[in-house]
Amino acid sequence: MQKAAWFLAITCFQVTWSVCVNSAEAFLHIKPKVNIHRHQRHPFSTELYEGPIKFAGTGERQVDMNQYNLPLDEIEEQWTANVVAKTVDTEGGIFLGVQNDREYFVDIINVSILRSQSSLGIGLQEIAGGRSDGLGITVVSEVVEGGIAQLCGADILSGDSISSISVVRQSQSPQAGKLMDSQETITVKTECLGYDATVDAILSLPEIRSDKETYLIQVKRLRRKPVIEVNLRYPPSQKVKDETIQLFAGENLRLGMLRVVRGVKLNDPLATRFDTKSEGNCGAGGLCRTCVVGVLRGGELLSPQKVAETQMLQDNPRWRLACKAFVGYGMKEGDITIQVNPKQW
């Protein structure tokens, strides 16, 4: 590995490092003020795909998620690190999180870039660190103009945090008299590391050996959750004023209404259970129809009905079981208008 050339300068009480190392293709530096930039995807030099964080009932994403990106000043305030205990089902460790997880979420974006001897061109800034164990939070300060990431139009923005970088090597080796394709992947984890530890991890990547090597960069990005305005219309006989509540994508309609609307009478006393034809609710099990609502507008923002719900409400196609409906389908925002207790209208 070639020796790194370090340059140190102090500007506005902030420290600036520059690293130029061909083997790691790093060009990393800190600047006191940066802005979020959006880059167009280059048609032939980079592949972009997303590994979305799951939201209950939202299905496949149907919108450009960058519309939910946060301003840089909010990003710096919201990043945090969470210690997660190891369980039978999950791997423990320290992972990036968000302070206000009610309104914001951490998204995952994976970018593939063809490796070369040129600088990758990603500026880094430490926003939390200074610990002896190397832990901290380091974010992208800029995508340097003229660097590979910028030329490729990689979807990496200021405020993102790089959680891992992999080098993928394609090669051929003789096996049983034939040339067989093989792939080797070398990965370094950079999630929740301070600046120095992040640079050390990047520099530990192997030198480039061929033009068939690729970078796989996983970044984590803070975004706000899509907001759905739910307009509640109550039966005139209840003499309750109509109101509008806000729910976030992935929220269950029944639980959201019970959380926001104090004293809402969601279970209709006039409704009979689908399973027993008697009174009483099933406790959100989807076995009765007492929490049914009528959808007047915005039904496309609700998760699609499953077979059982469709059968239960086949005589009223505009009705939905509130306990089985999730808002923000497709991660879309918008308005939904519903009738509470539709049997009373």
# chains A, B, ... in the order shown; residues from 1 in each chain; ligands from 1
call {"tool": "residues_around", "arguments": {"residues": "Gly146 of chain A", "least_positions_apart": "5", "cutoff": "9 Å", "atoms": "only C-alpha atoms", "output": "list in words"}}
result
Ser119, Gly121 and Leu151 of chain A
call {"tool": "write_last_selection", "arguments": {"atoms": "N, CA and C atoms", "output": "PDB file, in the first residue's frame"}}
result
ATOM      1  N   SER A 119      -9.349   9.480  -7.998  1.00  0.00           N
ATOM      2  CA  SER A 119      -9.925   9.703  -6.680  1.00  0.00           C
ATOM      3  C   SER A 119     -11.424   9.447  -6.692  1.00  0.00           C
ATOM      4  N   GLY A 121     -13.401  10.806  -4.548  1.00  0.00           N
ATOM      5  CA  GLY A 121     -13.919  12.174  -4.420  1.00  0.00           C
ATOM      6  C   GLY A 121     -15.111  12.335  -3.506  1.00  0.00           C
ATOM      7  N   LEU A 151     -18.566  12.275 -11.219  1.00  0.00           N
ATOM      8  CA  LEU A 151     -18.640  12.013 -12.657  1.00  0.00           C
ATOM      9  C   LEU A 151     -19.639  10.907 -12.969  1.00  0.00           C
TER      10      LEU A 151
END
call {"tool": "closest_atom_pairs", "arguments": {"of": "segment 51-102 of chain A", "to": "segment 283-305 of chain A", "cutoff": "8 Å", "atoms": "only C-alpha atoms", "output": "JSON lines"}}
result
{"residue": "A:Gly57", "atom": "CA", "partner": "A:Ser303", "partner_atom": "CA", "distance": 5.5}
{"residue": "A:Thr58", "atom": "CA", "partner": "A:Ser303", "partner_atom": "CA", "distance": 6.2}
{"residue": "A:Gly59", "atom": "CA", "partner": "A:Ser303", "partner_atom": "CA", "distance": 7.6}
call {"tool": "write_last_selection", "arguments": {"atoms": "N, CA and C atoms", "output": "PDB file, in the first residue's frame"}}
result
ATOM      1  N   GLY A  57     -47.196  -2.461   5.387  1.00  0.00           N
ATOM      2  CA  GLY A  57     -48.308  -2.212   4.482  1.00  0.00           C
ATOM      3  C   GLY A  57     -48.083  -1.185   3.396  1.00  0.00           C
ATOM      4  N   THR A  58     -46.865  -0.655   3.242  1.00  0.00           N
ATOM      5  CA  THR A  58     -46.668   0.388   2.230  1.00  0.00           C
ATOM      6  C   THR A  58     -46.309  -0.182   0.863  1.00  0.00           C
ATOM      7  N   GLY A  59     -45.910  -1.443   0.797  1.00  0.00           N
ATOM      8  CA  GLY A  59     -45.619  -2.064  -0.484  1.00  0.00           C
ATOM      9  C   GLY A  59     -44.391  -1.474  -1.157  1.00  0.00           C
TER      10      GLY A  59
END
call {"tool": "residues_around", "arguments": {"residues": "segment 80-82 of chain A", "least_positions_apart": "2", "cutoff": "7 Å", "atoms": "only C-alpha atoms", "output": "list in words"}}
result
Gln78, Val84, Ile94, Phe95, Leu96, Gly97, Val98, Gln99 and Cys192 of chain A
call {"tool": "atom_distance", "arguments": {"atom1": "atom CA of Leu70 of chain A", "atom2": "atom CA of Ala201 of chain A"}}
result
27.6 Å
call {"tool": "select_by_dssp", "arguments": {"residues": "segment 18-234 of chain A", "states": "strand (DSSP E)", "output": "PyMOL selection string"}}
result
chain A and resi 18-21+26-28+46-50+79-84+93-98+104-114+122-128+137-143+161-175+178-189+213-224+227-233
call {"tool": "residues_around", "arguments": {"residues": "segment 222-235 of chain A", "least_positions_apart": "5", "cutoff": "8 Å", "atoms": "only C-alpha atoms", "output": "PyMOL selection string"}}
result
chain A and resi 68-70+75+79+98+103-107+160+240-249+327-328+331-342+344-345
call {"tool": "closest_residue", "arguments": {"among": "A:Lys178, A:Arg209, A:Arg318, A:Arg61", "to": "Gln117 of chain A", "atoms": "only C-alpha atoms"}}
result
A:Arg209
call {"tool": "atom_distance", "arguments": {"atom1": "atom CA of Val139 of chain A", "atom2": "atom CA of Ser161 of chain A"}}
result
4.4 Å
call {"tool": "residues_around", "arguments": {"residues": "Gln170 of chain A", "least_positions_apart": "5", "cutoff": "7 Å", "atoms": "only C-alpha atoms", "output": "PDB file with N, CA, C and O atoms, in the first residue's frame"}}
result
ATOM      1  N   SER A 182     -15.263 -16.305 -11.146  1.00  0.00           N
ATOM      2  CA  SER A 182     -15.335 -16.272  -9.688  1.00  0.00           C
ATOM      3  C   SER A 182     -15.408 -14.815  -9.238  1.00  0.00           C
ATOM      4  O   SER A 182     -15.059 -13.899  -9.965  1.00  0.00           O
ATOM      5  N   GLN A 183     -15.881 -14.628  -8.025  1.00  0.00           N
ATOM      6  CA  GLN A 183     -16.043 -13.276  -7.491  1.00  0.00           C
ATOM      7  C   GLN A 183     -15.538 -13.244  -6.044  1.00  0.00           C
ATOM      8  O   GLN A 183     -15.837 -14.134  -5.249  1.00  0.00           O
ATOM      9  N   GLU A 184     -14.796 -12.206  -5.741  1.00  0.00           N
ATOM     10  CA  GLU A 184     -14.287 -11.993  -4.394  1.00  0.00           C
ATOM     11  C   GLU A 184     -14.768 -10.638  -3.907  1.00  0.00           C
ATOM     12  O   GLU A 184     -14.701  -9.647  -4.633  1.00  0.00           O
ATOM     13  N   LYS A 212     -11.724  -4.677 -13.685  1.00  0.00           N
ATOM     14  CA  LYS A 212     -12.993  -5.371 -13.465  1.00  0.00           C
ATOM     15  C   LYS A 212     -13.397  -5.338 -11.997  1.00  0.00           C
ATOM     16  O   LYS A 212     -14.118  -6.206 -11.526  1.00  0.00           O
ATOM     17  N   GLU A 213     -12.935  -4.317 -11.295  1.00  0.00           N
ATOM     18  CA  GLU A 213     -13.267  -4.189  -9.884  1.00  0.00           C
ATOM     19  C   GLU A 213     -14.312  -3.097  -9.687  1.00  0.00           C
ATOM     20  O   GLU A 213     -14.343  -2.109 -10.422  1.00  0.00           O
TER      21      GLU A 213
END
call {"tool": "closest_residue", "arguments": {"among": "A:Glu251, A:Glu126, A:Glu309, A:Asp89", "to": "Ala197 of chain A", "atoms": "only C-alpha atoms"}}
result
A:Glu126
call {"tool": "atom_distance", "arguments": {"atom1": "atom CA of Leu193 of chain A", "atom2": "atom CA of Gly136 of chain A"}}
result
4.5 Å
call {"tool": "select_by_dssp", "arguments": {"residues": "segment 142-330 of chain A", "states": "alpha helix (DSSP H)", "output": "list in words"}}
result
Ile148, Ala149, Gln150, Leu151, Cys152, Tyr195, Asp196, Ala197, Thr198, Val199, Asp200, Ala201, Ile202, Leu203, Leu253, Arg254, Leu255, Gly256, Met257, Leu258, Arg259, Val260, Val307, Ala308, Glu309, Thr310, Gln311 and Met312 of chain A
call {"tool": "write_last_selection", "arguments": {"atoms": "N, CA and C atoms", "output": "PDB file, in the first residue's frame"}}
result
ATOM      1  N   ILE A 148     -14.603  10.521  -9.074  1.00  0.00           N
ATOM      2  CA  ILE A 148     -15.350   9.449  -9.732  1.00  0.00           C
ATOM      3  C   ILE A 148     -16.815   9.463  -9.321  1.00  0.00           C
ATOM      4  N   ALA A 149     -17.084   9.676  -8.038  1.00  0.00           N
ATOM      5  CA  ALA A 149     -18.472   9.664  -7.566  1.00  0.00           C
ATOM      6  C   ALA A 149     -19.300  10.739  -8.253  1.00  0.00           C
ATOM      7  N   GLN A 150     -18.715  11.929  -8.419  1.00  0.00           N
ATOM      8  CA  GLN A 150     -19.443  13.022  -9.072  1.00  0.00           C
ATOM      9  C   GLN A 150     -19.614  12.754 -10.564  1.00  0.00           C
ATOM     10  N   LEU A 151     -18.566  12.275 -11.219  1.00  0.00           N
ATOM     11  CA  LEU A 151     -18.640  12.013 -12.657  1.00  0.00           C
ATOM     12  C   LEU A 151     -19.639  10.907 -12.969  1.00  0.00           C
ATOM     13  N   CYS A 152     -19.761   9.955 -12.074  1.00  0.00           N
ATOM     14  CA  CYS A 152     -20.706   8.860 -12.277  1.00  0.00           C
ATOM     15  C   CYS A 152     -22.128   9.234 -11.872  1.00  0.00           C
ATOM     16  N   TYR A 195     -13.925  10.118  12.377  1.00  0.00           N
ATOM     17  CA  TYR A 195     -13.245  10.420  11.117  1.00  0.00           C
ATOM     18  C   TYR A 195     -11.998   9.570  10.922  1.00  0.00           C
ATOM     19  N   ASP A 196     -11.094   9.563  11.920  1.00  0.00           N
ATOM     20  CA  ASP A 196      -9.836   8.829  11.771  1.00  0.00           C
ATOM     21  C   ASP A 196     -10.077   7.343  11.547  1.00  0.00           C
ATOM     22  N   ALA A 197     -10.993   6.759  12.312  1.00  0.00           N
ATOM     23  CA  ALA A 197     -11.279   5.332  12.157  1.00  0.00           C
ATOM     24  C   ALA A 197     -11.894   5.041  10.794  1.00  0.00           C
ATOM     25  N   THR A 198     -12.712   5.963  10.282  1.00  0.00           N
ATOM     26  CA  THR A 198     -13.303   5.791   8.948  1.00  0.00           C
ATOM     27  C   THR A 198     -12.210   5.794   7.883  1.00  0.00           C
ATOM     28  N   VAL A 199     -11.291   6.763   7.985  1.00  0.00           N
ATOM     29  CA  VAL A 199     -10.189   6.836   7.014  1.00  0.00           C
ATOM     30  C   VAL A 199      -9.328   5.580   7.092  1.00  0.00           C
ATOM     31  N   ASP A 200      -9.026   5.121   8.306  1.00  0.00           N
ATOM     32  CA  ASP A 200      -8.221   3.905   8.452  1.00  0.00           C
ATOM     33  C   ASP A 200      -8.904   2.710   7.791  1.00  0.00           C
ATOM     34  N   ALA A 201     -10.229   2.617   7.949  1.00  0.00           N
ATOM     35  CA  ALA A 201     -10.959   1.500   7.347  1.00  0.00           C
ATOM     36  C   ALA A 201     -10.877   1.557   5.825  1.00  0.00           C
ATOM     37  N   ILE A 202     -11.031   2.758   5.267  1.00  0.00           N
ATOM     38  CA  ILE A 202     -10.965   2.901   3.807  1.00  0.00           C
ATOM     39  C   ILE A 202      -9.574   2.559   3.292  1.00  0.00           C
ATOM     40  N   LEU A 203      -8.546   3.015   4.025  1.00  0.00           N
ATOM     41  CA  LEU A 203      -7.175   2.753   3.594  1.00  0.00           C
ATOM     42  C   LEU A 203      -6.807   1.274   3.685  1.00  0.00           C
ATOM     43  N   LEU A 253     -54.365   2.310  10.403  1.00  0.00           N
ATOM     44  CA  LEU A 253     -55.420   3.319  10.479  1.00  0.00           C
ATOM     45  C   LEU A 253     -56.137   3.268  11.823  1.00  0.00           C
ATOM     46  N   ARG A 254     -56.473   2.096  12.294  1.00  0.00           N
ATOM     47  CA  ARG A 254     -57.185   1.976  13.567  1.00  0.00           C
ATOM     48  C   ARG A 254     -56.335   2.488  14.729  1.00  0.00           C
ATOM     49  N   LEU A 255     -55.098   2.008  14.816  1.00  0.00           N
ATOM     50  CA  LEU A 255     -54.231   2.427  15.914  1.00  0.00           C
ATOM     51  C   LEU A 255     -53.923   3.919  15.849  1.00  0.00           C
ATOM     52  N   GLY A 256     -53.756   4.429  14.630  1.00  0.00           N
ATOM     53  CA  GLY A 256     -53.490   5.855  14.474  1.00  0.00           C
ATOM     54  C   GLY A 256     -54.645   6.711  14.953  1.00  0.00           C
ATOM     55  N   MET A 257     -55.871   6.298  14.609  1.00  0.00           N
ATOM     56  CA  MET A 257     -57.040   7.055  15.058  1.00  0.00           C
ATOM     57  C   MET A 257     -57.178   6.998  16.573  1.00  0.00           C
ATOM     58  N   LEU A 258     -56.958   5.833  17.156  1.00  0.00           N
ATOM     59  CA  LEU A 258     -57.070   5.714  18.604  1.00  0.00           C
ATOM     60  C   LEU A 258     -55.971   6.500  19.314  1.00  0.00           C
ATOM     61  N   ARG A 259     -54.809   6.615  18.682  1.00  0.00           N
ATOM     62  CA  ARG A 259     -53.702   7.357  19.283  1.00  0.00           C
ATOM     63  C   ARG A 259     -53.934   8.855  19.254  1.00  0.00           C
ATOM     64  N   VAL A 260     -54.468   9.352  18.146  1.00  0.00           N
ATOM     65  CA  VAL A 260     -54.572  10.802  17.947  1.00  0.00           C
ATOM     66  C   VAL A 260     -55.885  11.356  18.474  1.00  0.00           C
ATOM     67  N   VAL A 307     -57.450 -11.178   0.886  1.00  0.00           N
ATOM     68  CA  VAL A 307     -58.602 -11.999   0.484  1.00  0.00           C
ATOM     69  C   VAL A 307     -59.694 -11.988   1.545  1.00  0.00           C
ATOM     70  N   ALA A 308     -59.328 -12.184   2.797  1.00  0.00           N
ATOM     71  CA  ALA A 308     -60.330 -12.282   3.856  1.00  0.00           C
ATOM     72  C   ALA A 308     -61.126 -10.990   3.985  1.00  0.00           C
ATOM     73  N   GLU A 309     -60.448  -9.853   3.930  1.00  0.00           N
ATOM     74  CA  GLU A 309     -61.151  -8.569   4.051  1.00  0.00           C
ATOM     75  C   GLU A 309     -62.054  -8.333   2.852  1.00  0.00           C
ATOM     76  N   THR A 310     -61.579  -8.694   1.679  1.00  0.00           N
ATOM     77  CA  THR A 310     -62.395  -8.529   0.466  1.00  0.00           C
ATOM     78  C   THR A 310     -63.691  -9.337   0.576  1.00  0.00           C
ATOM     79  N   GLN A 311     -63.583 -10.555   1.071  1.00  0.00           N
ATOM     80  CA  GLN A 311     -64.772 -11.398   1.225  1.00  0.00           C
ATOM     81  C   GLN A 311     -65.725 -10.835   2.272  1.00  0.00           C
ATOM     82  N   MET A 312     -65.191 -10.324   3.360  1.00  0.00           N
ATOM     83  CA  MET A 312     -66.025  -9.802   4.434  1.00  0.00           C
ATOM     84  C   MET A 312     -66.794  -8.564   4.012  1.00  0.00           C
TER      85      MET A 312
END
